[in-house]
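Just my_file.tsv here, TSV, C-alpha atoms and all ligand atoms:
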```tsv
chain	number	residue	atom	x	y	z
N	1464	MET	CA	-6.11	31.40	-16.98
N	1465	ASN	CA	-3.74	28.44	-16.77
N	1466	GLN	CA	-3.50	27.10	-20.28
N	1467	THR	CA	-2.77	23.46	-19.56
N	1468	ALA	CA	-5.98	22.50	-21.36
N	1469	THR	CA	-5.29	21.99	-25.03
N	1470	ARG	CA	-6.83	23.95	-27.88
N	1471	ARG	CA	-8.79	23.17	-31.01
N	1472	PRO	CA	-6.98	20.67	-33.29
N	1473	ALA	CA	-5.17	22.33	-36.20
N	1474	ALA	CA	-7.05	20.07	-38.65
N	1475	VAL	CA	-10.30	21.99	-38.05
N	1476	LYS	CA	-11.09	24.54	-40.73
N	1477	GLU	CA	-12.93	27.76	-39.86
N	1478	GLU	CA	-15.89	26.88	-42.10
N	1479	ALA	CA	-16.56	23.80	-39.95
N	1480	LEU	CA	-17.09	26.18	-37.05
N	1481	LEU	CA	-19.38	28.68	-38.79
N	1482	SER	CA	-21.87	26.59	-40.72
N	1483	PRO	CA	-23.06	23.06	-40.02
N	1484	ILE	CA	-21.66	20.24	-42.13
N	1485	TRP	CA	-23.85	17.21	-42.78
N	1486	ALA	CA	-23.14	13.98	-40.99
N	1487	GLU	CA	-25.13	10.77	-41.28
N	1488	ILE	CA	-26.34	8.73	-38.32
N	1489	THR	CA	-24.64	5.34	-38.64
N	1490	ALA	CA	-25.91	3.78	-35.39
N	1491	ILE	CA	-28.09	4.58	-32.40
N	1492	GLN	CA	-27.24	3.00	-29.06
N	1493	PRO	CA	-29.87	3.34	-26.31
N	1494	GLU	CA	-27.98	3.92	-23.04
N	1495	ALA	CA	-30.70	4.52	-20.40
N	1496	GLU	CA	-34.26	5.84	-20.21
N	1497	GLY	CA	-34.29	9.04	-22.32
N	1498	ILE	CA	-30.58	8.82	-23.20
N	1499	ALA	CA	-28.92	7.40	-26.33
N	1500	THR	CA	-25.64	7.63	-28.21
N	1501	LEU	CA	-25.89	8.81	-31.80
N	1502	TRP	CA	-22.96	7.65	-33.92
N	1503	LEU	CA	-22.15	10.03	-36.79
N	1504	ARG	CA	-20.00	10.05	-39.90
N	1505	PHE	CA	-19.54	13.11	-42.13
N	1506	VAL	CA	-21.15	12.60	-45.53
N	1507	ASP	CA	-18.10	14.07	-47.30
N	1508	PRO	CA	-15.28	11.54	-46.82
N	1509	LYS	CA	-12.62	14.30	-46.94
N	1510	VAL	CA	-14.34	16.20	-44.13
N	1511	HIS	CA	-14.62	12.98	-42.16
N	1512	GLU	CA	-10.96	12.16	-42.63
N	1513	ALA	CA	-9.88	15.62	-41.44
N	1514	PHE	CA	-12.12	15.56	-38.35
N	1515	THR	CA	-10.27	15.00	-35.10
N	1516	PHE	CA	-11.10	16.05	-31.56
N	1517	GLN	CA	-9.55	16.14	-28.12
N	1518	PRO	CA	-11.18	14.47	-25.08
N	1519	GLY	CA	-13.59	16.95	-23.47
N	1520	GLN	CA	-14.49	18.91	-26.60
N	1521	PHE	CA	-18.02	19.29	-27.94
N	1522	ASN	CA	-19.89	19.81	-31.21
N	1523	MET	CA	-22.96	21.90	-31.98
N	1524	LEU	CA	-25.56	19.48	-33.42
N	1525	TYR	CA	-28.15	21.01	-35.72
N	1526	VAL	CA	-31.60	19.69	-36.66
N	1527	PRO	CA	-33.28	21.79	-39.39
N	1528	GLY	CA	-36.39	23.50	-38.09
N	1529	TYR	CA	-35.37	23.00	-34.46
N	1530	GLY	CA	-31.93	24.57	-34.01
N	1531	GLU	CA	-28.64	23.60	-32.42
N	1532	ALA	CA	-27.53	22.10	-29.10
N	1533	ALA	CA	-24.04	21.78	-27.62
N	1534	ILE	CA	-23.23	18.10	-27.10
N	1535	SER	CA	-19.91	16.66	-25.92
N	1536	ILE	CA	-18.18	14.05	-28.01
N	1537	SER	CA	-18.39	10.85	-25.97
N	1538	SER	CA	-16.41	8.40	-28.12
N	1539	ASP	CA	-12.82	7.21	-28.35
N	1540	PRO	CA	-10.70	9.91	-30.06
N	1541	TYR	CA	-8.65	7.13	-31.69
N	1542	HIS	CA	-11.78	5.55	-33.25
N	1543	ARG	CA	-11.80	7.16	-36.69
N	1544	ASP	CA	-14.73	5.36	-38.30
N	1545	SER	CA	-17.44	7.43	-36.61
N	1546	PHE	CA	-17.85	9.68	-33.56
N	1547	GLY	CA	-20.46	9.44	-30.82
N	1548	HIS	CA	-22.63	11.87	-28.89
N	1549	THR	CA	-24.49	10.63	-25.81
N	1550	ILE	CA	-27.59	12.75	-25.48
N	1551	ARG	CA	-30.25	13.22	-22.83
N	1552	PHE	CA	-33.46	14.11	-24.62
N	1553	VAL	CA	-34.68	17.09	-22.60
N	1554	GLY	CA	-35.82	19.91	-24.89
N	1555	ASN	CA	-36.48	21.24	-28.33
N	1556	VAL	CA	-33.34	20.14	-30.21
N	1557	THR	CA	-32.49	17.01	-28.26
N	1558	ARG	CA	-36.05	15.65	-28.59
N	1559	ALA	CA	-35.83	16.29	-32.35
N	1560	LEU	CA	-32.53	14.33	-32.32
N	1561	SER	CA	-34.29	11.49	-30.48
N	1562	ARG	CA	-36.75	11.09	-33.37
N	1563	LEU	CA	-34.02	10.61	-36.01
N	1564	LYS	CA	-33.24	7.21	-37.51
N	1565	ILE	CA	-30.14	5.52	-38.90
N	1566	GLY	CA	-29.35	7.14	-42.28
N	1567	ASP	CA	-30.85	10.54	-41.28
N	1568	ARG	CA	-28.60	13.59	-41.36
N	1569	VAL	CA	-27.52	15.99	-38.62
N	1570	GLY	CA	-25.64	19.28	-39.09
N	1571	VAL	CA	-22.39	19.40	-37.14
N	1572	ARG	CA	-20.23	22.39	-36.21
N	1573	GLY	CA	-17.06	21.78	-34.27
N	1574	PRO	CA	-15.16	20.57	-32.44
N	1575	PHE	CA	-15.29	23.44	-29.97
N	1576	GLY	CA	-13.71	24.25	-26.68
N	1577	THR	CA	-10.85	23.23	-24.45
N	1578	SER	CA	-10.07	19.66	-23.52
N	1579	TRP	CA	-8.92	17.55	-20.58
N	1580	PRO	CA	-5.13	18.01	-20.16
N	1581	MET	CA	-4.17	14.49	-21.25
N	1582	ASN	CA	-0.51	15.24	-22.08
N	1583	THR	CA	0.07	17.25	-18.92
N	1584	MET	CA	-1.33	14.42	-16.78
N	1585	GLU	CA	1.09	11.79	-18.08
N	1586	GLY	CA	2.95	10.14	-15.22
N	1587	SER	CA	0.25	11.10	-12.69
N	1588	ASP	CA	-2.59	9.41	-10.82
N	1589	ILE	CA	-6.01	10.41	-12.08
N	1590	ILE	CA	-9.36	10.73	-10.38
N	1591	LEU	CA	-12.38	11.03	-12.69
N	1592	ALA	CA	-15.57	12.08	-10.87
N	1593	ALA	CA	-18.79	12.09	-12.88
N	1594	GLY	CA	-22.48	12.44	-12.17
N	1595	GLY	CA	-25.22	11.26	-14.56
N	1596	ILE	CA	-24.79	12.71	-18.05
N	1597	GLY	CA	-21.39	14.04	-16.87
N	1598	LEU	CA	-19.76	10.71	-17.75
N	1599	PRO	CA	-20.00	11.09	-21.58
N	1600	PRO	CA	-17.60	14.11	-21.69
N	1601	LEU	CA	-15.13	12.06	-19.60
N	1602	ARG	CA	-15.39	8.87	-21.65
N	1603	PRO	CA	-12.95	10.05	-24.38
N	1604	ALA	CA	-10.42	10.70	-21.59
N	1605	ILE	CA	-11.00	7.15	-20.31
N	1606	HIS	CA	-10.42	5.79	-23.82
N	1607	TYR	CA	-7.28	7.89	-24.13
N	1608	ILE	CA	-6.01	6.41	-20.85
N	1609	LEU	CA	-6.89	2.87	-22.01
N	1610	ARG	CA	-4.91	3.42	-25.22
N	1611	ASN	CA	-1.94	4.85	-23.30
N	1612	ARG	CA	-2.32	2.98	-20.01
N	1613	ALA	CA	1.41	2.74	-19.22
N	1614	LYS	CA	1.71	6.53	-19.27
N	1615	PHE	CA	-0.62	7.01	-16.29
N	1616	GLY	CA	-0.46	5.95	-12.66
N	1617	LYS	CA	-3.46	4.89	-10.57
N	1618	VAL	CA	-6.80	5.72	-12.16
N	1619	ASN	CA	-9.98	5.96	-10.09
N	1620	LEU	CA	-13.40	6.54	-11.63
N	1621	LEU	CA	-16.07	7.75	-9.22
N	1622	TYR	CA	-19.48	7.68	-10.84
N	1623	GLY	CA	-23.01	8.24	-9.68
N	1624	ALA	CA	-26.51	8.47	-11.11
N	1625	ARG	CA	-30.01	8.93	-9.73
N	1626	THR	CA	-31.00	5.25	-10.02
N	1627	PRO	CA	-29.27	2.04	-11.22
N	1628	GLY	CA	-31.21	2.35	-14.49
N	1629	ASP	CA	-29.68	5.78	-15.13
N	1630	LEU	CA	-26.07	4.51	-15.04
N	1631	LEU	CA	-24.34	4.85	-18.43
N	1632	PHE	CA	-21.78	2.63	-20.19
N	1633	THR	CA	-21.98	-0.11	-17.52
N	1634	SER	CA	-21.32	-2.77	-20.20
N	1635	GLU	CA	-17.83	-1.24	-20.64
N	1636	PHE	CA	-16.92	-1.28	-16.96
N	1637	ASP	CA	-15.38	-4.79	-17.08
N	1638	GLU	CA	-13.04	-3.74	-19.89
N	1639	TRP	CA	-12.07	-0.60	-17.98
N	1640	ARG	CA	-11.45	-2.62	-14.80
N	1641	LYS	CA	-9.25	-5.06	-16.74
N	1642	ALA	CA	-7.05	-2.09	-17.61
N	1643	ASP	CA	-6.69	-1.43	-13.88
N	1644	ILE	CA	-9.15	1.44	-13.66
N	1645	GLN	CA	-10.72	1.30	-10.20
N	1646	ILE	CA	-14.43	2.03	-10.53
N	1647	GLN	CA	-16.64	3.08	-7.64
N	1648	VAL	CA	-20.31	3.52	-8.41
N	1649	THR	CA	-23.11	4.99	-6.33
N	1650	VAL	CA	-26.78	5.79	-6.87
N	1651	ASP	CA	-29.09	8.27	-5.15
N	1652	ARG	CA	-31.94	5.75	-4.94
N	1653	ALA	CA	-31.44	1.97	-4.98
N	1654	ASP	CA	-33.93	-0.55	-6.36
N	1655	GLU	CA	-34.36	-4.22	-5.47
N	1656	THR	CA	-31.55	-5.25	-7.88
N	1657	TRP	CA	-28.96	-2.84	-6.48
N	1658	GLN	CA	-26.30	-4.16	-4.10
N	1659	GLY	CA	-23.80	-1.32	-4.39
N	1660	GLN	CA	-23.31	2.07	-2.76
N	1661	VAL	CA	-26.14	4.50	-2.12
N	1662	GLY	CA	-25.21	8.17	-1.78
N	1663	VAL	CA	-23.58	11.02	-3.62
N	1664	VAL	CA	-20.37	10.98	-5.71
N	1665	PRO	CA	-18.21	13.18	-3.40
N	1666	MET	CA	-18.75	10.56	-0.67
N	1667	LEU	CA	-16.69	8.11	-2.78
N	1668	PHE	CA	-13.56	10.15	-2.01
N	1669	TYR	CA	-13.63	8.52	1.45
N	1670	ARG	CA	-13.08	5.08	-0.07
N	1671	PHE	CA	-9.50	5.46	-1.35
N	1672	ARG	CA	-6.31	7.41	-0.72
N	1673	ILE	CA	-5.03	10.25	-2.87
N	1674	ASP	CA	-1.41	11.26	-3.14
N	1675	PRO	CA	-1.85	15.03	-3.69
N	1676	THR	CA	1.71	15.41	-4.95
N	1677	ARG	CA	1.03	13.25	-7.99
N	1678	SER	CA	-2.71	13.40	-8.74
N	1679	PHE	CA	-5.10	15.21	-11.04
N	1680	ALA	CA	-8.90	15.30	-10.62
N	1681	LEU	CA	-11.29	15.75	-13.54
N	1682	THR	CA	-14.97	16.31	-12.89
N	1683	CYS	CA	-18.19	16.79	-14.83
N	1684	GLY	CA	-21.84	16.61	-13.80
N	1685	PRO	CA	-24.44	18.66	-11.97
N	1686	GLU	CA	-22.94	21.87	-10.57
N	1687	VAL	CA	-23.80	20.98	-6.99
N	1688	MET	CA	-21.86	17.72	-7.40
N	1689	ILE	CA	-18.91	19.58	-8.95
N	1690	ARG	CA	-18.81	21.96	-5.97
N	1691	PHE	CA	-18.57	19.07	-3.49
N	1692	VAL	CA	-16.10	17.08	-5.59
N	1693	VAL	CA	-13.85	20.15	-5.65
N	1694	PHE	CA	-14.34	20.54	-1.89
N	1695	GLU	CA	-13.23	16.94	-1.27
N	1696	ALA	CA	-10.26	17.27	-3.63
N	1697	LEU	CA	-9.12	20.49	-1.93
N	1698	ALA	CA	-9.58	18.87	1.48
N	1699	ARG	CA	-7.02	16.27	0.33
N	1700	ARG	CA	-4.64	19.12	-0.61
N	1701	LEU	CA	-4.90	18.70	-4.37
N	1702	PRO	CA	-3.58	21.97	-5.89
N	1703	THR	CA	-6.17	24.13	-7.68
N	1704	ASP	CA	-4.30	23.87	-11.00
N	1705	ARG	CA	-4.67	20.05	-10.87
N	1706	ILE	CA	-8.43	20.01	-10.49
N	1707	PHE	CA	-10.22	20.31	-13.86
N	1708	VAL	CA	-13.91	21.05	-14.20
N	1709	SER	CA	-16.15	20.84	-17.28
N	1710	LEU	CA	-19.04	23.32	-17.16
N	1711	GLU	CA	-22.27	23.47	-19.14
N	1712	ARG	CA	-24.11	26.67	-19.99
N	1713	ASN	CA	-26.78	27.59	-22.49
N	1714	MET	CA	-24.86	28.16	-25.74
N	1715	LYS	CA	-25.67	29.67	-29.09
N	1716	CYS	CA	-22.73	30.53	-31.36
N	1717	GLY	CA	-20.12	28.18	-29.86
N	1718	GLN	CA	-17.24	30.53	-30.59
N	1719	GLY	CA	-17.35	33.44	-28.17
N	1720	SER	CA	-19.34	35.90	-30.27
N	1721	CYS	CA	-22.82	35.98	-28.72
N	1722	GLY	CA	-22.14	36.03	-24.96
N	1723	HIS	CA	-24.86	33.49	-24.04
N	1724	CYS	CA	-22.45	31.32	-22.07
N	1725	GLN	CA	-20.42	34.02	-20.34
N	1726	LEU	CA	-19.12	33.36	-16.82
N	1727	GLY	CA	-17.18	36.33	-15.42
N	1728	PRO	CA	-14.48	37.08	-18.01
N	1729	PHE	CA	-14.86	33.66	-19.68
N	1730	PHE	CA	-16.94	32.38	-22.57
N	1731	ILE	CA	-17.58	28.75	-21.68
N	1732	CYS	CA	-17.74	27.79	-25.37
N	1733	LYS	CA	-14.21	28.92	-26.19
N	1734	ASP	CA	-12.38	29.38	-22.85
N	1735	GLY	CA	-14.06	26.16	-21.61
N	1736	PRO	CA	-15.92	23.92	-21.18
N	1737	VAL	CA	-12.86	22.43	-19.42
N	1738	PHE	CA	-11.26	24.83	-16.92
N	1739	PRO	CA	-8.58	24.40	-14.28
N	1740	TYR	CA	-10.35	25.09	-11.00
N	1741	MET	CA	-7.69	27.75	-10.33
N	1742	ALA	CA	-9.37	29.94	-12.99
N	1743	LEU	CA	-12.90	29.38	-11.67
N	1744	GLU	CA	-12.22	29.74	-7.96
N	1745	PRO	CA	-13.46	33.38	-7.65
N	1746	TYR	CA	-16.80	32.43	-9.26
N	1747	PHE	CA	-17.31	29.23	-7.25
N	1748	SER	CA	-17.49	31.26	-4.06
N	1749	VAL	CA	-20.65	32.90	-5.46
N	1750	GLU	CA	-23.91	30.98	-4.87
N	1751	ASP	CA	-25.51	30.04	-8.25
N	1752	PHE	CA	-22.47	31.41	-10.10
T	1801	LIG	C1	-20.26	22.22	-23.48
T	1801	LIG	C2	-21.57	21.49	-23.32
T	1801	LIG	C3	-21.59	20.13	-23.48
T	1801	LIG	C4	-22.80	19.44	-23.35
T	1801	LIG	N1	-22.79	18.09	-23.51
T	1801	LIG	C5	-23.95	17.42	-23.45
T	1801	LIG	C6	-23.96	16.02	-23.65
T	1801	LIG	O1	-22.93	15.38	-23.90
T	1801	LIG	N2	-25.16	15.39	-23.60
T	1801	LIG	C7	-26.32	16.06	-23.30
T	1801	LIG	O2	-27.39	15.42	-23.25
T	1801	LIG	N3	-26.33	17.37	-23.07
T	1801	LIG	C8	-25.18	18.08	-23.15
T	1801	LIG	N4	-25.17	19.42	-22.94
T	1801	LIG	C9	-26.44	20.06	-22.55
T	1801	LIG	C10	-27.29	20.44	-23.75
T	1801	LIG	O3	-26.60	21.35	-24.58
T	1801	LIG	C11	-28.55	21.12	-23.19
T	1801	LIG	O4	-29.31	20.16	-22.50
T	1801	LIG	C12	-29.37	21.79	-24.28
T	1801	LIG	O5	-30.13	22.82	-23.68
T	1801	LIG	C13	-30.31	20.85	-24.99
T	1801	LIG	O6	-31.00	21.58	-25.99
T	1801	LIG	P1	-32.55	21.42	-26.22
T	1801	LIG	O7	-32.92	22.40	-27.29
T	1801	LIG	O8	-32.90	19.99	-26.44
T	1801	LIG	O9	-33.17	21.81	-24.83
T	1801	LIG	P2	-33.71	23.26	-24.41
T	1801	LIG	O10	-34.94	23.53	-25.21
T	1801	LIG	O11	-32.59	24.23	-24.45
T	1801	LIG	O12	-34.08	22.99	-22.90
T	1801	LIG	C14	-35.35	22.51	-22.56
T	1801	LIG	C15	-35.51	22.45	-21.08
T	1801	LIG	O13	-34.71	21.41	-20.55
T	1801	LIG	C16	-33.94	21.91	-19.49
T	1801	LIG	N5	-32.68	21.24	-19.54
T	1801	LIG	C17	-31.64	21.59	-20.32
T	1801	LIG	N6	-30.62	20.75	-20.11
T	1801	LIG	C18	-31.04	19.85	-19.17
T	1801	LIG	C19	-30.45	18.74	-18.55
T	1801	LIG	N7	-29.19	18.39	-18.83
T	1801	LIG	N8	-31.19	18.04	-17.65
T	1801	LIG	C20	-32.45	18.39	-17.36
T	1801	LIG	N9	-33.06	19.44	-17.92
T	1801	LIG	C21	-32.37	20.16	-18.80
T	1801	LIG	C22	-33.78	23.38	-19.71
T	1801	LIG	O14	-33.58	24.06	-18.49
T	1801	LIG	C23	-35.10	23.73	-20.36
T	1801	LIG	O15	-36.06	24.00	-19.38
T	1801	LIG	C24	-23.99	20.13	-23.05
T	1801	LIG	C25	-23.96	21.52	-22.89
T	1801	LIG	C26	-22.77	22.19	-23.01
T	1801	LIG	C27	-22.75	23.67	-22.86
```
Mind converting the file's structure to C-alpha cells?
Ligand SMILES: Cc1cc2nc3c(=O)[nH]c(=O)nc-3n(C[C@H](O)[C@H](O)[C@H](O)COP(=O)(O)OP(=O)(O)OC[C@H]3O[C@@H](n4cnc5c(N)ncnc54)[C@H](O)[C@@H]3O)c2cc1C
Amino acid sequence: MNQTATRRPAAVKEEALLSPIWAEITAIQPEAEGIATLWLRFVDPKVHEAFTFQPGQFNMLYVPGYGEAAISISSDPYHRDSFGHTIRFVGNVTRALSRLKIGDRVGVRGPFGTSWPMNTMEGSDIILAAGGIGLPPLRPAIHYILRNRAKFGKVNLLYGARTPGDLLFTSEFDEWRKADIQIQVTVDRADETWQGQVGVVPMLFYRFRIDPTRSFALTCGPEVMIRFVVFEALARRLPTDRIFVSLERNMKCGQGSCGHCQLGPFFICKDGPVFPYMALEPYFSVEDF
C-alpha cells in the first residue's frame, strides 16, 4: 500500500489504545435532526495535553453498559482546548451517547487509523467530496487547510445530503468561502426553502475544471457515492495514488486484532480508514466489496 497517509502521532501511548480513558463532555452542539457534535476534554489534564490527532483519524467512544463505537474526530486539530465528534444517533452506543449531558463522562480510546495526506498535498489543488455524515471526517482537513491556506492551491468542497435540513456545518460555510474554498452543495430532495442544486455529489464534478497534474481528491460518505466520486475523478485522469478514500466498517478492537473490519488484506482500523484509491482498486471492482 502507498504510505502517503500519515500514522498515529508519537504522543499517543499504548495504554490510550487498549483501555478507555475518561473524558468529560464540555459542550453539545446539535447539528441536524439526529446528529450532534459532542465536545470532549480528558479529565486528566496531562492526558489531555498529550492528546493530538491527525485529520481523518478516529476514536473509539465508550459508554458503560452499552459498548464502544468508532467515531471520527471532526474538530480542528489545532484547537487544543477540546476535541469534537459529530455523531449520527443510529444504534446501541450512539443512542446512549445522545442521552448524555454536559459534565457526563465518555471513555475514549485513540486516536486510531491513518489520516488524510496533508503534508503530501501541499502545493496542490484539493477536491473534497463528502456525503451526509461523511463531512465530519473531512472537517479537520478543512481546518488544516484554513490554518495553512497559502500552502494549498485551489480548494473545492463538494457536499451533499438527503435534504437541506440534513446539511452539516452550514454556519461555517461563509468563513470557509472567505478563505477561498469554493463550496458546491446539493441535496437529494429539496424543500420549499431550497434554491440550490438538487442531485448527487458526483454530479458536482461537472461544475468546475480539474487540473489532474496538480490535484488530489479526498472523499468520504456512503459507499455508493464514493464509487461514483472515484469514477468522476478517474474520468478526469486523476492518478489513483492522488485519490484518497475514507471507509467505514463495523469495528471492535480498533487496532487490527479482532478482524471485524477486514477488507481483503487490510484492517480498516489500522491500515485505514483513509486509503489511497490505488490500494483499494482491486476490491472496488467487486460489487458490495
Ligand atoms: C472509522 C470510522 C469512523 C466513523 N465515524 C463516524 C462519525 O464520525 N460519526 C458517526 O455518526 N458515525 C461514524 N462511524 C459509524 C459508527 O461507528 C457506526 O454507525 C456504529 O455502528 C454506531 O454504533 P451503534 O452501537 O450506535 O450502532 P449499531 O448498534 O452498531 O448499529 C445499529 C444499526 O444502525 C445501522 N447503522 C450503523 N451505522 C449507520 C449509519 N451511519 N447510518 C444508518 N444506519 C446505520 C446498523 O446497520 C445497525 O442496523 C464511523 C465508523 C468507522 C468505522
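Using all atoms listed in the file, the contacts of N:Asp1643 at a cut-off of 10 Å, with sequence neighbours closer than 5 positions omitted, comprise N:Leu1609, N:Arg1612, N:Gly1616, N:Lys1617, N:Val1618, N:Asn1619, N:Asp1637, N:Glu1638.
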What residues have any atom no more than 8 Å from ligand LIG 1801 (chain T) when counting all atoms listed in the file, and can you list them as a short mmCIF file (atom, residue, chain, number, x, y, z; two decimals) with C-alpha atoms, keeping the file's coordinate frame?
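Output file part24.cif is given in full below:
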```cif
data_model
loop_
_atom_site.label_atom_id
_atom_site.label_comp_id
_atom_site.auth_asym_id
_atom_site.auth_seq_id
_atom_site.Cartn_x
_atom_site.Cartn_y
_atom_site.Cartn_z
CA ILE N 1498 -30.58 8.82 -23.20
CA GLN N 1520 -14.49 18.91 -26.60
CA PHE N 1521 -18.02 19.29 -27.94
CA ASN N 1522 -19.89 19.81 -31.21
CA TYR N 1529 -35.37 23.00 -34.46
CA GLY N 1530 -31.93 24.57 -34.01
CA GLU N 1531 -28.64 23.60 -32.42
CA ALA N 1532 -27.53 22.10 -29.10
CA ALA N 1533 -24.04 21.78 -27.62
CA ILE N 1534 -23.23 18.10 -27.10
CA SER N 1535 -19.91 16.66 -25.92
CA ILE N 1536 -18.18 14.05 -28.01
CA SER N 1537 -18.39 10.85 -25.97
CA HIS N 1548 -22.63 11.87 -28.89
CA THR N 1549 -24.49 10.63 -25.81
CA ILE N 1550 -27.59 12.75 -25.48
CA ARG N 1551 -30.25 13.22 -22.83
CA PHE N 1552 -33.46 14.11 -24.62
CA VAL N 1553 -34.68 17.09 -22.60
CA GLY N 1554 -35.82 19.91 -24.89
CA ASN N 1555 -36.48 21.24 -28.33
CA VAL N 1556 -33.34 20.14 -30.21
CA THR N 1557 -32.49 17.01 -28.26
CA ARG N 1558 -36.05 15.65 -28.59
CA ALA N 1559 -35.83 16.29 -32.35
CA GLY N 1576 -13.71 24.25 -26.68
CA ILE N 1596 -24.79 12.71 -18.05
CA GLY N 1597 -21.39 14.04 -16.87
CA PRO N 1599 -20.00 11.09 -21.58
CA PRO N 1600 -17.60 14.11 -21.69
CA SER N 1709 -16.15 20.84 -17.28
CA LEU N 1710 -19.04 23.32 -17.16
CA GLU N 1711 -22.27 23.47 -19.14
CA ARG N 1712 -24.11 26.67 -19.99
CA ASN N 1713 -26.78 27.59 -22.49
CA MET N 1714 -24.86 28.16 -25.74
CA CYS N 1724 -22.45 31.32 -22.07
CA ILE N 1731 -17.58 28.75 -21.68
CA CYS N 1732 -17.74 27.79 -25.37
CA GLY N 1735 -14.06 26.16 -21.61
CA PRO N 1736 -15.92 23.92 -21.18
#
```
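Contact shell of N:Ala1604 at 10 Å (all atoms listed in the file; same-chain neighbours under 6 positions omitted): Gln1517, Pro1518, Gly1519, Ser1537, Ser1538, Asp1539, Pro1540, Ser1578, Trp1579, Pro1580, Met1581, Leu1591, Arg1610 and Leu1681 of chain N.
Each of N:Ile1488, N:Ile1605, N:Val1708, N:Leu1726 was checked against N:Glu1686 using all atoms listed in the file; the smallest atom-to-atom distance is that of N:Val1708.
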Go ahead and find all residues with at least one atom no further than 12 Å from (-7.7, 27.1, -14.8) in the file's coordinates, using only C-alpha atoms; report them as an MDAnalysis selection string. chainID N and resid 1464:1469 1577:1580 1681 1702:1709 1729 1734:1746
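The closest residue to N:Glu1512, picked from N:Gln1492, N:Ser1545, N:Asn1611, N:Thr1626 and counting only C-alpha atoms, is N:Ser1545.
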Extract, using all atoms listed in the file, all DNA, RNA and protein residues at most 12 Å from N:Ala1624, discarding same-chain residues fewer than 6 positions from it, and format them as a PDB file with C-alpha atoms, in the coordinates of the input.
```
ATOM      1  CA  ALA N1495     -30.700   4.520 -20.400  1.00  0.00           C
ATOM      2  CA  ALA N1592     -15.570  12.080 -10.870  1.00  0.00           C
ATOM      3  CA  ALA N1593     -18.790  12.090 -12.880  1.00  0.00           C
ATOM      4  CA  GLY N1594     -22.480  12.440 -12.170  1.00  0.00           C
ATOM      5  CA  GLY N1595     -25.220  11.260 -14.560  1.00  0.00           C
ATOM      6  CA  ILE N1596     -24.790  12.710 -18.050  1.00  0.00           C
ATOM      7  CA  GLY N1597     -21.390  14.040 -16.870  1.00  0.00           C
ATOM      8  CA  LEU N1598     -19.760  10.710 -17.750  1.00  0.00           C
ATOM      9  CA  LEU N1630     -26.070   4.510 -15.040  1.00  0.00           C
ATOM     10  CA  LEU N1631     -24.340   4.850 -18.430  1.00  0.00           C
ATOM     11  CA  PHE N1632     -21.780   2.630 -20.190  1.00  0.00           C
ATOM     12  CA  THR N1633     -21.980  -0.110 -17.520  1.00  0.00           C
ATOM     13  CA  GLN N1647     -16.640   3.080  -7.640  1.00  0.00           C
ATOM     14  CA  VAL N1648     -20.310   3.520  -8.410  1.00  0.00           C
ATOM     15  CA  THR N1649     -23.110   4.990  -6.330  1.00  0.00           C
ATOM     16  CA  VAL N1650     -26.780   5.790  -6.870  1.00  0.00           C
ATOM     17  CA  ASP N1651     -29.090   8.270  -5.150  1.00  0.00           C
ATOM     18  CA  ARG N1652     -31.940   5.750  -4.940  1.00  0.00           C
ATOM     19  CA  ALA N1653     -31.440   1.970  -4.980  1.00  0.00           C
ATOM     20  CA  GLN N1660     -23.310   2.070  -2.760  1.00  0.00           C
ATOM     21  CA  VAL N1661     -26.140   4.500  -2.120  1.00  0.00           C
ATOM     22  CA  GLY N1662     -25.210   8.170  -1.780  1.00  0.00           C
ATOM     23  CA  VAL N1663     -23.580  11.020  -3.620  1.00  0.00           C
ATOM     24  CA  VAL N1664     -20.370  10.980  -5.710  1.00  0.00           C
ATOM     25  CA  GLY N1684     -21.840  16.610 -13.800  1.00  0.00           C
ATOM     26  CA  PRO N1685     -24.440  18.660 -11.970  1.00  0.00           C
ATOM     27  CA  MET N1688     -21.860  17.720  -7.400  1.00  0.00           C
TER      28      MET N1688
END
```
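Put simply, atom CA of N:Leu1481 is 28.2 Å away from atom CA of N:Tyr1607.
When all atoms listed in the file are used to measure the gap to N:Phe1514, the shortest distance among N:His1542, N:Gly1528, N:Ser1587, N:Leu1501 belongs to N:His1542.
Candidate residues N:Ile1590, N:Tyr1622, N:Gly1727, N:Tyr1525 were compared for distance to N:Phe1671, and the nearest is N:Ile1590, using all atoms listed in the file.
Atom pair atom CA of N:Trp1502 / atom CA of N:Tyr1541 has a distance of 14.5 Å (rounded to one decimal).
Counting only C-alpha atoms and comparing N:Ile1589, N:Lys1614, N:Val1692, N:Ile1646, the residue that lies closest to N:Met1666 is N:Val1692.
Closest approach to N:Ile1484 from the set N:Val1569, N:Asp1588, N:Pro1508, N:Gly1628 is made by N:Val1569, with distances taken over only C-alpha atoms.
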Let me have the centre and edge lengths in Å, one decimal, of the box along x, y and z around every listed atom of stretch 1506-1510 of chain N with 5 Å of margin on each side, as lines of an AutoDock Vina configuration file.
```
center_x = -16.9
center_y = 13.9
center_z = -45.7
size_x = 18.5
size_y = 14.7
size_z = 13.2
```
Using all atoms listed in the file, give me every residue within 8 Å of (-15.0, 18.3, -6.7) in file coordinates, as a ChimeraX atom specification. /N:1592,1665,1680,1682,1688-1697,1706
Using only C-alpha atoms, which residues sit within 10 Å of N:Ala1486 once same-chain residues fewer than 5 positions away are excluded, as a PyMOL selection string? chain N and resi 1502-1507+1510-1511+1524+1545+1566-1571
Let me see the file: selected residues, C-alpha atoms, as a short mmCIF file (atom, residue, chain, number, x, y, z; two decimals), in the coordinates of the input.
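The new file again33.cif reads:
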```
data_model
loop_
_atom_site.label_atom_id
_atom_site.label_comp_id
_atom_site.auth_asym_id
_atom_site.auth_seq_id
_atom_site.Cartn_x
_atom_site.Cartn_y
_atom_site.Cartn_z
CA TRP N 1502 -22.96 7.65 -33.92
CA LEU N 1503 -22.15 10.03 -36.79
CA ARG N 1504 -20.00 10.05 -39.90
CA PHE N 1505 -19.54 13.11 -42.13
CA VAL N 1506 -21.15 12.60 -45.53
CA ASP N 1507 -18.10 14.07 -47.30
CA VAL N 1510 -14.34 16.20 -44.13
CA HIS N 1511 -14.62 12.98 -42.16
CA LEU N 1524 -25.56 19.48 -33.42
CA SER N 1545 -17.44 7.43 -36.61
CA GLY N 1566 -29.35 7.14 -42.28
CA ASP N 1567 -30.85 10.54 -41.28
CA ARG N 1568 -28.60 13.59 -41.36
CA VAL N 1569 -27.52 15.99 -38.62
CA GLY N 1570 -25.64 19.28 -39.09
CA VAL N 1571 -22.39 19.40 -37.14
#
```
